[in-house]
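Q: Sharing input33.txt below, compact mmCIF, C-alpha atoms (C1' of nucleotides):
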# COMPACT_ATOMS: atom_id res chain seq x y z
CA MET A 1 195.22 189.01 116.92
CA ARG A 2 194.11 192.07 118.88
CA ASP A 3 192.91 192.44 122.43
CA THR A 4 189.23 193.14 122.97
CA SER A 5 189.90 196.63 124.26
CA ASP A 6 190.58 199.34 121.72
CA PHE A 7 193.49 200.73 123.67
CA ASP A 8 196.73 200.41 121.74
CA VAL A 9 200.29 201.35 122.59
CA GLN A 10 199.99 203.97 119.91
CA ASP A 11 197.25 205.67 121.90
CA PHE A 12 199.35 205.97 125.01
CA LEU A 13 200.91 209.40 124.91
CA PRO A 14 203.96 208.74 127.11
CA TYR A 15 204.86 205.82 124.87
CA LEU A 16 204.46 207.83 121.69
CA LEU A 17 206.45 210.69 123.18
CA ASN A 18 209.27 208.38 124.16
CA GLN A 19 209.36 206.82 120.72
CA ALA A 20 209.43 210.19 119.03
CA ALA A 21 212.01 211.56 121.45
CA GLU A 22 214.36 208.62 121.01
CA ALA A 23 214.05 208.50 117.26
CA SER A 24 214.47 212.22 116.82
CA SER A 25 217.47 212.39 119.15
CA LEU A 26 219.36 209.51 117.64
CA GLU A 27 220.99 211.15 114.68
CA PHE A 28 221.95 214.32 116.48
CA GLN A 29 223.25 212.34 119.41
CA ARG A 30 225.68 210.67 117.07
CA VAL A 31 227.07 214.04 116.06
CA TYR A 32 228.09 215.27 119.49
CA LYS A 33 229.18 211.80 120.44
CA ASP A 34 231.37 211.12 117.43
CA ARG A 35 232.63 214.65 117.01
CA TYR A 36 233.34 215.54 120.63
CA GLY A 37 232.86 212.36 122.66
CA MET A 38 230.08 214.03 124.58
CA LEU A 39 227.16 212.49 126.43
CA ARG A 40 223.62 213.82 126.34
CA ASN A 41 223.85 215.45 129.73
CA GLU A 42 227.06 217.17 128.72
CA TRP A 43 225.43 218.46 125.59
CA ARG A 44 222.54 219.78 127.64
CA VAL A 45 224.78 221.62 130.05
CA LEU A 46 226.88 222.98 127.18
CA PHE A 47 223.75 224.11 125.40
CA HIS A 48 222.44 225.93 128.43
CA LEU A 49 225.74 227.65 129.07
CA GLY A 50 225.98 228.58 125.42
CA ILE A 51 222.66 230.34 125.63
CA TYR A 52 222.71 231.75 129.15
CA THR A 53 226.47 232.43 129.28
CA ARG A 54 226.76 232.17 133.09
CA MET A 55 224.84 229.81 135.32
CA THR A 56 225.23 227.81 138.50
CA ALA A 57 224.64 224.06 138.53
CA SER A 58 221.39 224.55 140.41
CA GLU A 59 220.14 227.04 137.88
CA ILE A 60 220.83 224.61 135.08
CA GLY A 61 219.12 221.88 137.05
CA ALA A 62 216.01 223.97 137.57
CA ARG A 63 215.79 225.00 133.97
CA ALA A 64 216.68 221.69 132.32
CA GLN A 65 214.95 219.56 134.94
CA MET A 66 218.14 217.57 135.43
CA HIS A 67 219.14 215.97 138.70
CA LYS A 68 222.13 217.54 140.42
CA THR A 69 224.27 214.43 140.17
CA LYS A 70 223.88 214.41 136.41
CA ILE A 71 224.92 218.02 136.27
CA SER A 72 227.81 217.50 138.65
CA ARG A 73 229.27 214.75 136.47
CA ALA A 74 228.57 216.54 133.22
CA VAL A 75 230.28 219.68 134.54
CA GLN A 76 233.23 217.62 135.72
CA ARG A 77 233.80 216.15 132.28
CA LEU A 78 233.27 219.43 130.49
CA ALA A 79 235.77 221.04 132.85
CA GLU A 80 238.33 218.28 132.20
CA ARG A 81 238.06 218.96 128.48
CA ARG A 82 238.45 222.66 129.14
CA TYR A 83 235.06 223.47 127.67
CA LEU A 84 234.03 225.39 130.78
CA VAL A 85 235.50 227.01 133.87
CA ARG A 86 234.16 227.40 137.39
CA HIS A 87 234.11 230.76 139.13
CA ARG A 88 233.68 231.37 142.85
CA ASP A 89 230.78 233.37 144.06
CA GLY A 90 231.66 236.53 146.00
CA GLY A 91 229.27 235.98 148.87
CA ASP A 92 228.44 232.28 148.94
CA ARG A 93 231.33 229.86 148.81
CA ARG A 94 229.08 226.86 148.08
CA VAL A 95 228.10 228.27 144.72
CA GLU A 96 230.00 227.82 141.48
CA HIS A 97 229.30 230.00 138.49
CA LEU A 98 229.92 228.16 135.25
CA GLU A 99 231.05 229.68 131.99
CA LEU A 100 232.21 228.31 128.67
CA THR A 101 235.82 228.78 127.64
CA PRO A 102 236.59 230.06 124.13
CA MET A 103 237.03 226.42 123.14
CA GLY A 104 233.72 225.52 124.72
CA ARG A 105 232.03 228.33 122.85
CA LYS A 106 233.49 227.07 119.60
CA VAL A 107 232.12 223.59 120.24
CA TYR A 108 228.79 225.07 121.23
CA ALA A 109 228.61 227.20 118.09
CA ASP A 110 229.35 224.17 115.95
CA LEU A 111 226.76 221.99 117.62
CA ARG A 112 224.15 224.71 117.72
CA GLY A 113 224.49 225.03 113.97
CA VAL A 114 224.05 221.31 113.52
CA ALA A 115 221.08 221.35 115.89
CA GLN A 116 219.44 224.16 113.98
CA ASP A 117 219.87 222.42 110.64
CA TYR A 118 218.72 219.17 112.12
CA ASN A 119 215.69 220.79 113.63
CA ASP A 120 214.81 222.46 110.35
CA ALA A 121 215.01 219.10 108.60
CA LEU A 122 212.75 217.53 111.22
CA VAL A 123 209.91 219.98 110.72
CA GLU A 124 210.42 220.31 106.99
CA GLY A 125 207.16 220.04 105.14
CA LEU A 126 205.04 220.71 108.19
CA PRO A 127 203.05 223.92 108.32
CA GLN A 128 204.63 226.54 110.57
CA GLU A 129 201.39 226.74 112.49
CA ASP A 130 201.36 223.02 113.29
CA VAL A 131 204.95 223.13 114.49
CA GLN A 132 204.10 226.02 116.77
CA ARG A 133 201.17 224.14 118.19
CA LEU A 134 203.25 221.01 118.65
CA LYS A 135 205.88 222.97 120.56
CA SER A 136 203.38 224.56 122.88
CA MET A 137 201.71 221.23 123.57
CA LEU A 138 205.06 219.65 124.32
CA SER A 139 205.96 222.52 126.63
CA MET A 140 202.73 222.02 128.44
CA LEU A 141 203.30 218.29 128.78
CA ALA A 142 206.84 218.95 129.95
CA GLY A 143 205.32 220.91 132.78
CA ARG A 144 206.51 224.42 132.18
CA HIS A 145 203.12 225.71 131.03
CA ALA A 146 204.18 227.91 128.12
CA MET B 1 221.68 237.38 129.42
CA ARG B 2 220.83 235.76 126.09
CA ASP B 3 223.04 234.67 123.27
CA THR B 4 222.97 236.73 120.11
CA SER B 5 221.32 233.93 118.15
CA ASP B 6 217.60 233.46 118.55
CA PHE B 7 217.90 229.68 118.83
CA ASP B 8 216.84 228.47 122.24
CA VAL B 9 216.75 225.01 123.80
CA GLN B 10 212.99 225.34 123.73
CA ASP B 11 213.11 225.57 119.95
CA PHE B 12 215.01 222.32 119.59
CA LEU B 13 212.43 219.64 118.98
CA PRO B 14 214.41 216.62 120.25
CA TYR B 15 215.00 218.47 123.51
CA LEU B 16 211.35 219.41 123.90
CA LEU B 17 210.30 215.88 123.05
CA ASN B 18 212.63 214.42 125.64
CA GLN B 19 211.40 216.80 128.30
CA ALA B 20 207.78 216.01 127.54
CA ALA B 21 208.47 212.29 127.37
CA GLU B 22 210.31 212.19 130.67
CA ALA B 23 207.79 214.33 132.49
CA SER B 24 204.80 212.45 131.16
CA SER B 25 206.28 209.04 131.91
CA LEU B 26 207.32 209.80 135.45
CA GLU B 27 204.08 209.36 137.30
CA PHE B 28 203.00 206.25 135.44
CA GLN B 29 206.46 204.75 135.81
CA ARG B 30 206.03 204.95 139.55
CA VAL B 31 202.86 202.86 139.33
CA TYR B 32 204.33 199.82 137.63
CA LYS B 33 207.50 200.16 139.64
CA ASP B 34 205.88 200.41 143.05
CA ARG B 35 203.02 198.05 142.33
CA TYR B 36 204.87 195.29 140.48
CA GLY B 37 208.58 196.10 140.72
CA MET B 38 208.74 196.39 136.96
CA LEU B 39 211.17 198.30 134.77
CA ARG B 40 210.22 200.32 131.74
CA ASN B 41 211.34 197.67 129.29
CA GLU B 42 209.37 195.05 131.13
CA TRP B 43 206.28 197.21 131.03
CA ARG B 44 206.76 197.68 127.31
CA VAL B 45 207.06 193.97 126.63
CA LEU B 46 204.09 193.25 128.87
CA PHE B 47 202.07 195.89 127.10
CA HIS B 48 202.83 194.48 123.68
CA LEU B 49 201.99 190.95 124.73
CA GLY B 50 198.80 192.18 126.35
CA ILE B 51 197.71 193.67 123.07
CA TYR B 52 199.10 191.21 120.55
CA THR B 53 198.67 188.10 122.71
CA ARG B 54 201.47 186.10 121.04
CA MET B 55 204.74 187.52 119.73
CA THR B 56 208.38 186.56 119.37
CA ALA B 57 211.13 188.71 120.86
CA SER B 58 212.10 189.92 117.39
CA GLU B 59 208.57 190.96 116.60
CA ILE B 60 208.40 192.98 119.78
CA GLY B 61 211.75 194.51 118.96
CA ALA B 62 210.64 195.53 115.51
CA ARG B 63 207.40 197.03 116.72
CA ALA B 64 208.66 198.74 119.86
CA GLN B 65 212.04 199.68 118.40
CA MET B 66 213.79 198.04 121.32
CA HIS B 67 217.19 196.41 121.13
CA LYS B 68 217.19 192.66 121.45
CA THR B 69 219.28 192.64 124.63
CA LYS B 70 216.73 194.83 126.34
CA ILE B 71 213.98 192.46 125.31
CA SER B 72 215.96 189.38 126.27
CA ARG B 73 216.48 190.68 129.78
CA ALA B 74 212.95 191.98 130.14
CA VAL B 75 211.53 188.64 129.02
CA GLN B 76 213.80 186.85 131.46
CA ARG B 77 212.49 188.84 134.41
CA LEU B 78 208.88 188.58 133.31
CA ALA B 79 209.30 184.81 132.96
CA GLU B 80 210.82 184.58 136.44
CA ARG B 81 207.79 186.30 137.86
CA ARG B 82 205.53 183.96 135.90
CA TYR B 83 203.98 186.81 133.95
CA LEU B 84 204.73 185.11 130.65
CA VAL B 85 205.68 181.73 129.21
CA ARG B 86 207.83 180.77 126.25
CA HIS B 87 206.57 178.37 123.59
CA ARG B 88 208.68 176.53 121.05
CA ASP B 89 208.08 177.13 117.41
CA GLY B 90 207.09 174.06 115.40
CA GLY B 91 209.47 174.65 112.55
CA ASP B 92 212.23 176.94 113.77
CA ARG B 93 213.90 176.00 117.01
CA ARG B 94 215.58 179.38 117.39
CA VAL B 95 212.27 181.14 117.80
CA GLU B 96 210.37 181.59 121.05
CA HIS B 97 206.73 182.57 121.03
CA LEU B 98 205.84 184.59 124.09
CA GLU B 99 202.49 184.68 125.79
CA LEU B 100 201.17 186.12 129.04
CA THR B 101 200.08 183.78 131.79
CA PRO B 102 196.74 184.39 133.51
CA MET B 103 198.69 186.26 136.18
CA GLY B 104 200.46 188.29 133.52
CA ARG B 105 197.16 189.15 131.95
CA LYS B 106 195.81 190.31 135.28
CA VAL B 107 198.79 192.61 135.76
CA TYR B 108 198.43 193.87 132.23
CA ALA B 109 194.72 194.57 132.67
CA ASP B 110 195.42 196.52 135.82
CA LEU B 111 198.18 198.58 134.29
CA ARG B 112 196.31 199.16 131.07
CA GLY B 113 193.47 200.64 133.11
CA VAL B 114 195.87 202.92 134.91
CA ALA B 115 197.48 203.87 131.61
CA GLN B 116 194.15 204.71 130.07
CA ASP B 117 193.11 206.90 132.99
CA TYR B 118 196.50 208.52 133.07
CA ASN B 119 196.37 209.21 129.37
CA ASP B 120 192.91 210.71 129.66
CA ALA B 121 194.14 213.00 132.42
CA LEU B 122 197.10 214.08 130.30
CA VAL B 123 195.01 215.26 127.37
CA GLU B 124 192.21 216.60 129.52
CA GLY B 125 191.17 220.04 128.42
CA LEU B 126 192.77 219.75 125.01
CA PRO B 127 190.53 219.66 121.95
CA GLN B 128 190.15 216.16 120.55
CA GLU B 129 191.34 217.43 117.21
CA ASP B 130 194.60 218.77 118.62
CA VAL B 131 195.30 215.52 120.40
CA GLN B 132 194.77 213.62 117.18
CA ARG B 133 197.13 215.92 115.33
CA LEU B 134 199.72 215.62 118.10
CA LYS B 135 199.58 211.84 117.92
CA SER B 136 200.00 211.75 114.19
CA MET B 137 202.94 214.16 114.32
CA LEU B 138 204.58 212.07 117.01
CA SER B 139 204.03 208.91 115.01
CA MET B 140 205.67 210.57 112.07
CA LEU B 141 208.63 211.72 114.13
CA ALA B 142 208.96 208.28 115.69
CA GLY B 143 208.70 206.51 112.38
CA ARG B 144 211.35 207.97 110.18
CA HIS B 145 214.81 208.89 111.34
CA ALA B 146 215.02 212.34 109.81
C1' DA C 1 226.89 167.91 101.01
C1' DT C 2 229.48 171.54 102.52
C1' DG C 3 231.05 175.93 103.41
C1' DT C 4 229.31 180.69 104.22
C1' DA C 5 226.15 183.89 105.64
C1' DA C 6 222.17 185.26 108.21
C1' DT C 7 218.93 185.13 112.16
C1' DA C 8 217.10 184.34 117.14
C1' DG C 9 218.32 185.02 121.28
C1' DT C 10 221.83 185.11 125.33
C1' DT C 11 225.83 186.48 127.94
C1' DG C 12 229.78 189.33 129.53
C1' DA C 13 232.57 193.46 130.00
C1' DT C 14 232.36 198.32 130.23
C1' DT C 15 229.80 202.66 130.76
C1' DT C 16 226.30 205.33 132.48
C1' DT C 17 222.67 206.23 135.53
C1' DG C 18 220.10 206.39 139.94
C1' DT C 19 219.70 206.46 144.97
C1' DA C 20 221.40 207.69 149.05
C1' DA C 21 224.73 209.24 151.93
C1' DC C 22 228.10 212.57 152.43
C1' DT C 23 230.92 217.30 153.07
C1' DA C 24 230.92 222.09 153.26
C1' DA C 25 228.82 226.42 153.72
C1' DC C 26 225.13 229.33 155.00
C1' DA C 27 220.79 230.76 157.72
C1' DA C 28 217.67 231.13 161.44
C1' DG C 29 216.20 230.50 166.19
C1' DC C 30 217.17 230.70 170.67
C1' DG D 1 227.71 231.59 170.97
C1' DC D 2 225.37 227.12 169.85
C1' DT D 3 221.94 223.97 167.85
C1' DT D 4 219.06 222.79 163.99
C1' DG D 5 217.76 223.03 159.38
C1' DT D 6 218.67 224.06 154.53
C1' DT D 7 221.23 224.46 150.28
C1' DA D 8 225.24 223.55 146.80
C1' DG D 9 227.59 220.23 145.11
C1' DT D 10 230.28 215.61 145.36
C1' DT D 11 230.99 210.78 146.00
C1' DA D 12 230.05 205.74 146.67
C1' DC D 13 227.67 201.81 145.56
C1' DA D 14 224.03 199.41 143.28
C1' DA D 15 221.10 199.11 139.18
C1' DA D 16 220.71 199.41 134.38
C1' DA D 17 222.02 200.39 129.56
C1' DT D 18 225.26 199.60 125.86
C1' DC D 19 228.15 197.16 122.69
C1' DA D 20 230.40 193.33 121.26
C1' DA D 21 231.06 188.67 121.30
C1' DC D 22 228.94 184.35 121.68
C1' DT D 23 225.82 179.81 120.87
C1' DA D 24 222.55 177.59 118.29
C1' DT D 25 219.91 177.12 114.40
C1' DT D 26 218.39 177.92 109.72
C1' DA D 27 219.07 179.51 104.78
C1' DC D 28 221.48 179.72 100.78
C1' DA D 29 224.89 179.10 97.16
C1' DT D 30 227.89 176.27 95.03
Translate this structure into structure tokens?
A:
Amino acid sequence: MRDTSDFDVQDFLPYLLNQAAEASSLEFQRVYKDRYGMLRNEWRVLFHLGIYTRMTASEIGARAQMHKTKISRAVQRLAERRYLVRHRDGGDRRVEHLELTPMGRKVYADLRGVAQDYNDALVEGLPQEDVQRLKSMLSMLAGRHA
Amino acid sequence: MRDTSDFDVQDFLPYLLNQAAEASSLEFQRVYKDRYGMLRNEWRVLFHLGIYTRMTASEIGARAQMHKTKISRAVQRLAERRYLVRHRDGGDRRVEHLELTPMGRKVYADLRGVAQDYNDALVEGLPQEDVQRLKSMLSMLAGRHA
DNA sequence: ATGTAATAGTTGATTTTGTAACTAACAAGC
DNA sequence: GCTTGTTAGTTACAAAATCAACTATTACAT
């Protein structure tokens, strides 16, 4: 039934990572989708603005490793829903500073709470030390060498 | 600059997992794309057939956690390129047993080699024990939706 | 045997993403 | 001043994912 080689899909790290990422995102994804009709990229932008209060699209792109077109469209939809506003930059008229509206902050606060609970449930039962090691390995693999 | 809460994107496991998964898949993705014009779902199906020699679409779906439309379309393209063939089932005429052609096996062997090397490079420097623990944690996270 | 449900896999309509080209603004060299 | 290059962000079109509906076949209960 098995190939001669001992290499299995389960040994291939990118595959395992994708499986784990998809499975672990699924349930939470449903929350922001059902509750606010948001897409993943919109959630990511919202999350970043919730944490770093004021960012440009490029800054979000650099930090979240998202392509600028994804950000552009996510920002557009979040702006339509009045979850964020765009501010001009004093010196550089190409730049837009993004900030959550009070409504956007409310949505963020709600989802952050869900995310926190969800995250806690995910690592429940695992030793704190293992979780810490997992996170640092994932950060390393993600390429931001933490 | 930071929100009052101490919850960061980097603490949210699904986010970290997605970042790591995307980053770690990128380079390998380019190989099967550039070398064989394959998509990720096609690579996944090819990989499974390379390992388990003979599977139905449903079996692949169950094992790889892929939706049947993804598999259907991936199989279609792989069949067009003569990387696999479909065999009738003796008893059940709904079922198709899939198998790689010699050409398909050659492509699989090539890509498996690349995958192995790539995987080795990814975990290079990390203690064997840590890698094993990472894999088992990822399997756990991939396995159960909570 | 016959009606109903379930399963394998495909197809079509709509959404979402990805790639590349685009506009607008700034910056640097001459 | 001009030309050239770079950066911020948008838009257009093609590729792909998603979701639901569909065909064909088998299973199961009455």
Q: Please, what distance in Å, to one decimal, runs between atom CA of Ala21 of chain B and atom CA of Ala21 of chain A?
A: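 Calculated distance between atom CA of Ala21 of chain B and atom CA of Ala21 of chain A is 6.9 Å.
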Q: Report as a PyMOL selection string all protein, DNA and RNA residues lying within 10 Å of segment 6-14 of chain C, evaluated on all atoms listed in the file, omitting residues in the same chain fewer than 4 positions from it.
A: (chain B and resi 56-58+68-69+71-73+92-96) or (chain D and resi 18-28)
Q: If chain B is superposed onto chain A by least squares using every Cα atom in order, what is the RMSD, in Å to one decimal?
A: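 Overlaying the two chains on their C-alpha atoms yields 1.5 Å.
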Q: Would you list the residues near (227.9, 211.1, 147.5) (no more than 7 Å away, in the coordinates of the file, using all atoms listed in the file) as a PyMOL selection string?
A: (chain C and resi 21-22) or (chain D and resi 10-12)
Q: So how many Å separate atom CA of Leu26 of chain A and atom CA of Leu111 of chain A, to one decimal?
A: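 Atom CA of Leu111 of chain A lies at a distance of 14.5 Å from atom CA of Leu26 of chain A.
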Q: Give me the residues within 12 Å of Asp120 of chain A as number ranges by chain, counting all atoms listed in the file and dropping any in the same chain fewer than 5 places off.
A: A: 113-115, 125-126, 128, 131; B: 7, 11-14, 146
Q: So that I can see what lies close to DA28 of chain C, please list as a PyMOL selection string the residues with an atom at most 12 Å from it, counting only C-alpha atoms (C1' of nucleotides) and leaving out residues fewer than 2 positions away in the same chain.
A: (chain C and resi 26+30) or (chain D and resi 3-6)
Q: Between A:Val9, A:Val123, A:Ala20, A:Ala109, single out the one closest to chain B, counting only C-alpha atoms.
A: A:Ala20
Q: Just want the 12 Å neighbourhood of Tyr32 of chain B, counted on all atoms listed in the file, with same-chain residues fewer than 3 positions away dropped. Output as a VMD selection string.
A: chain B and resid 25 to 29 35 to 44 46 to 47 107 to 108 110 to 115
Q: Would you work out the distance separating atom CA of Glu129 of chain B from atom CA of Tyr15 of chain B, expressed in Å to one decimal?
A: 24.5 Å
Q: Edge lengths and centre in Å to one decimal, as lines of an AutoDock Vina configuration file, of the axis-aligned box that encloses all listed atoms of segment 2-15 of chain C with 3 Å added on every side?
A:
center_x = 224.8
center_y = 187.1
center_z = 116.6
size_x = 21.5
size_y = 37.1
size_z = 34.2
